[in-house]
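S.K.: I'm passing along data.txt; it holds compact mmCIF, C-alpha atoms.
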```
# COMPACT_ATOMS: atom_id res chain seq x y z
CA MET Z 1 10.01 -0.87 -14.44
CA ILE Z 2 9.37 0.59 -10.99
CA SER Z 3 8.01 -1.94 -8.52
CA ILE Z 4 5.97 -0.92 -5.49
CA LEU Z 5 4.57 -3.15 -2.75
CA PHE Z 6 1.98 -1.63 -0.42
CA VAL Z 7 1.74 -3.36 2.95
CA CYS Z 8 -0.69 -3.25 5.87
CA HIS Z 9 -1.72 -5.65 8.62
CA GLY Z 10 -4.22 -7.88 6.80
CA ASN Z 11 -4.00 -6.85 3.12
CA ILE Z 12 -7.74 -6.41 2.73
CA CYS Z 13 -8.27 -2.70 3.52
CA ARG Z 14 -5.46 -0.13 3.30
CA SER Z 15 -2.80 -1.82 1.18
CA THR Z 16 -5.38 -3.15 -1.26
CA MET Z 17 -6.91 0.33 -1.52
CA ALA Z 18 -3.44 1.84 -2.11
CA GLU Z 19 -2.66 -0.78 -4.77
CA SER Z 20 -5.86 0.10 -6.66
CA VAL Z 21 -5.44 3.88 -6.23
CA MET Z 22 -1.79 3.85 -7.38
CA THR Z 23 -2.56 1.55 -10.31
CA HIS Z 24 -5.33 3.92 -11.37
CA MET Z 25 -3.10 7.00 -10.99
CA ALA Z 26 -0.39 5.38 -13.11
CA ALA Z 27 -2.94 4.50 -15.81
CA VAL Z 28 -4.52 7.97 -15.85
CA ASN Z 29 -1.06 9.52 -16.23
CA GLY Z 30 -0.12 7.19 -19.09
CA LEU Z 31 2.46 5.40 -16.95
CA ALA Z 32 0.86 1.98 -16.44
CA GLY Z 33 3.62 0.20 -18.38
CA GLN Z 34 6.30 1.74 -16.16
CA PHE Z 35 5.01 0.26 -12.90
CA HIS Z 36 4.52 -3.09 -11.21
CA ILE Z 37 2.24 -2.48 -8.22
CA SER Z 38 1.08 -5.05 -5.69
CA SER Z 39 0.16 -5.38 -2.01
CA ALA Z 40 0.67 -7.72 0.92
CA ALA Z 41 0.09 -8.19 4.66
CA THR Z 42 2.39 -8.40 7.63
CA SER Z 43 0.08 -10.96 9.24
CA ARG Z 44 -1.38 -14.27 8.14
CA GLU Z 45 -4.90 -13.52 9.39
CA GLU Z 46 -6.58 -12.74 6.07
CA ILE Z 47 -4.50 -14.80 3.60
CA GLY Z 48 -6.62 -15.73 0.59
CA ASN Z 49 -9.45 -13.34 1.42
CA PRO Z 50 -10.77 -10.72 -1.01
CA PRO Z 51 -10.68 -6.97 -0.28
CA HIS Z 52 -12.90 -5.73 2.56
CA HIS Z 53 -16.38 -4.64 1.42
CA GLY Z 54 -15.68 -1.13 2.75
CA THR Z 55 -12.62 -0.82 0.50
CA VAL Z 56 -14.58 -2.14 -2.47
CA GLN Z 57 -17.42 0.33 -1.82
CA LYS Z 58 -15.12 3.34 -1.35
CA LEU Z 59 -13.21 2.62 -4.55
CA ARG Z 60 -16.50 2.20 -6.42
CA GLU Z 61 -17.72 5.58 -5.08
CA ALA Z 62 -14.45 7.19 -6.21
CA GLY Z 63 -14.67 5.62 -9.68
CA ILE Z 64 -11.43 3.67 -9.20
CA PRO Z 65 -11.30 0.12 -10.55
CA LEU Z 66 -10.55 -2.53 -7.94
CA VAL Z 67 -7.43 -4.50 -8.82
CA PRO Z 68 -8.26 -8.24 -8.65
CA HIS Z 69 -6.75 -9.38 -5.38
CA ARG Z 70 -6.49 -12.03 -2.70
CA ALA Z 71 -4.62 -11.27 0.52
CA ARG Z 72 -1.09 -12.62 0.84
CA GLN Z 73 1.69 -12.20 3.37
CA MET Z 74 4.86 -10.28 2.64
CA THR Z 75 7.99 -12.42 2.42
CA GLY Z 76 11.71 -11.75 2.69
CA LYS Z 77 11.95 -12.30 -1.07
CA ASP Z 78 9.67 -9.29 -1.62
CA TYR Z 79 12.46 -7.08 -0.30
CA GLU Z 80 14.68 -8.22 -3.17
CA GLU Z 81 11.95 -7.92 -5.81
CA TYR Z 82 10.48 -4.48 -5.05
CA ASP Z 83 12.02 -1.01 -5.30
CA TYR Z 84 9.62 0.47 -2.74
CA LEU Z 85 7.96 -1.34 0.17
CA ILE Z 86 5.35 1.03 1.54
CA GLY Z 87 3.69 0.54 4.92
CA MET Z 88 0.65 2.31 6.30
CA ASP Z 89 1.65 2.75 9.96
CA ASP Z 90 4.53 2.36 12.40
CA TRP Z 91 3.55 -1.22 13.33
CA ASN Z 92 3.59 -2.19 9.65
CA ILE Z 93 7.07 -0.68 9.28
CA ARG Z 94 8.39 -2.62 12.29
CA ASN Z 95 6.90 -5.89 11.04
CA MET Z 96 8.02 -5.30 7.44
CA THR Z 97 11.58 -4.67 8.62
CA ARG Z 98 11.46 -7.87 10.69
CA ILE Z 99 10.12 -9.93 7.74
CA ALA Z 100 12.75 -8.46 5.41
CA GLY Z 101 15.54 -9.11 7.91
CA GLY Z 102 16.38 -5.41 8.04
CA ASP Z 103 16.31 -2.54 5.57
CA PRO Z 104 19.88 -2.05 4.33
CA GLU Z 105 18.75 -0.42 1.06
CA HIS Z 106 16.25 1.93 2.77
CA LYS Z 107 13.35 0.66 0.65
CA ILE Z 108 10.82 0.49 3.51
CA LYS Z 109 8.88 3.73 3.99
CA LYS Z 110 5.59 4.84 5.45
CA LEU Z 111 3.21 6.09 2.73
CA LEU Z 112 2.57 9.54 4.15
CA GLU Z 113 6.33 10.20 4.43
CA PHE Z 114 6.17 11.03 0.73
CA ALA Z 115 3.65 13.77 1.57
CA GLY Z 116 5.94 15.18 4.27
CA SER Z 117 4.00 13.69 7.19
CA THR Z 118 4.78 11.20 9.94
CA ARG Z 119 1.06 10.37 10.35
CA ASP Z 120 -0.17 6.80 10.20
CA ILE Z 121 -2.98 5.87 7.85
CA ALA Z 122 -5.75 4.75 10.19
CA ASP Z 123 -6.97 1.18 9.77
CA PRO Z 124 -10.64 1.31 8.72
CA TRP Z 125 -11.07 -2.25 9.98
CA TYR Z 126 -11.07 -0.62 13.43
CA THR Z 127 -12.27 2.92 12.69
CA GLY Z 128 -14.96 2.03 10.15
CA ASN Z 129 -14.04 5.26 8.32
CA PHE Z 130 -13.03 4.31 4.79
CA ASP Z 131 -13.44 7.94 3.64
CA VAL Z 132 -10.57 9.24 5.79
CA THR Z 133 -8.42 6.25 4.87
CA TYR Z 134 -9.09 6.89 1.18
CA GLU Z 135 -8.19 10.60 1.52
CA ASP Z 136 -4.90 9.76 3.27
CA ILE Z 137 -4.04 7.03 0.77
CA THR Z 138 -4.78 9.35 -2.15
CA GLU Z 139 -2.57 12.06 -0.62
CA GLY Z 140 0.24 9.57 -0.09
CA CYS Z 141 -0.04 7.98 -3.53
CA GLU Z 142 -0.03 11.38 -5.28
CA ALA Z 143 3.15 12.31 -3.40
CA LEU Z 144 4.71 8.89 -4.04
CA LEU Z 145 3.97 9.12 -7.76
CA LYS Z 146 5.58 12.57 -7.88
CA ALA Z 147 8.63 11.38 -5.92
CA VAL Z 148 9.10 8.30 -8.08
CA ARG Z 149 8.77 10.30 -11.30
CA THR Z 150 11.29 12.85 -10.01
CA ALA Z 151 13.74 10.12 -9.00
CA SER Z 152 13.46 8.18 -12.28
CA PRO Z 153 15.71 9.13 -15.22
```
What's the structure tokens form of this structure?
M.R.:
Amino acid sequence: MISILFVCHGNICRSTMAESVMTHMAAVNGLAGQFHISSAATSREEIGNPPHHGTVQKLREAGIPLVPHRARQMTGKDYEEYDYLIGMDDWNIRNMTRIAGGDPEHKIKKLLEFAGSTRDIADPWYTGNFDVTYEDITEGCEALLKAVRTASP
């Protein structure tokens, strides 16, 4: 079982969207049973809150089922439990590394790294543009799925 944790600042926009998109991609490709996919925040600001209405609306428009979710904060234990800890931007990566107490196994990556880019995925909480965020997340998740499948025996 391959375990992936998507992480953003509040766990109501980007990481929740990535969790739903990746879960859907795995299901469509007949791989749902091979993955454990979840999401978390680096902050405590939104703990317990549902996904942002913009994320819910964008996923609905794209025909992607929303994974039932309430925001939670990443913990140091998550580093032990997940194979991949995927952040959305440089600030997420810094905070994830701090929460994990380092990254000795090189599990912490930025999502678009898998697509060959150093770009951050913009936070639609601030930009209001869930379309661009969805496009970037889809690009990153497609590349991540390909990389994980290539790396798995």
S.K.: Using only C-alpha atoms for the distances, tell me which of Z:Arg72, Z:His106, Z:Thr118, Z:Asp83 is nearest to Val148 (chain Z).
M.R.: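 Between Z:Arg72, Z:His106, Z:Thr118, Z:Asp83, the residue approaching Val148 (chain Z) most closely is Z:Asp83.
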S.K.: Do you know which residues are at most 12 Å from Glu139 (chain Z) counting all atoms listed in the file, after dropping those on the same chain fewer than 2 positions away, and could you put them as a list in words?
M.R.: Ala18, Val21, Met22, Met25, Leu111, Leu112, Glu113, Phe114, Ala115, Gly116, Ser117, Arg119, Ile121, Val132, Thr133, Tyr134, Glu135, Asp136, Ile137, Cys141, Glu142, Ala143, Leu144, Leu145 and Lys146 of chain Z
S.K.: Just the residues within 12 Å of His9 (chain Z), please, counting only C-alpha atoms, with nothing from its chain fewer than 2 positions along; format it as number ranges by chain.
M.R.: Z: 6-7, 11-16, 39-47, 71-74, 87-96, 121-126
S.K.: From the list Z:Gln57, Z:Ser20, Z:Ser3, Z:Thr97, which residue is nearest Phe35 (chain Z) when using all atoms listed in the file?
M.R.: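 Of Z:Gln57, Z:Ser20, Z:Ser3, Z:Thr97, the one nearest Phe35 (chain Z) is Z:Ser3, counting all atoms listed in the file.
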S.K.: Can you work out the spacing between CA of Gly48 (chain Z) and CA of Arg70 (chain Z) in Å, to one decimal?
M.R.: 5.0 Å
S.K.: Can you measure CA of Ser38 (chain Z) to CA of Gly101 (chain Z) for me? One decimal in Å is fine.
M.R.: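 If I compute the distance from CA of Ser38 (chain Z) to CA of Gly101 (chain Z), I get 20.3 Å.
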S.K.: Quick check, in Å to one decimal: how far apart do CA of Ile4 (chain Z) and CA of Pro50 (chain Z) lie?
M.R.: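 We find that CA of Ile4 (chain Z) and CA of Pro50 (chain Z) lie 19.9 Å from each other.
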S.K.: Quick one: of Z:Ala100, Z:Met1, Z:Ile108, Z:Asp131, who's nearest to Lys58 (chain Z), counting all atoms listed in the file?
M.R.: Z:Asp131
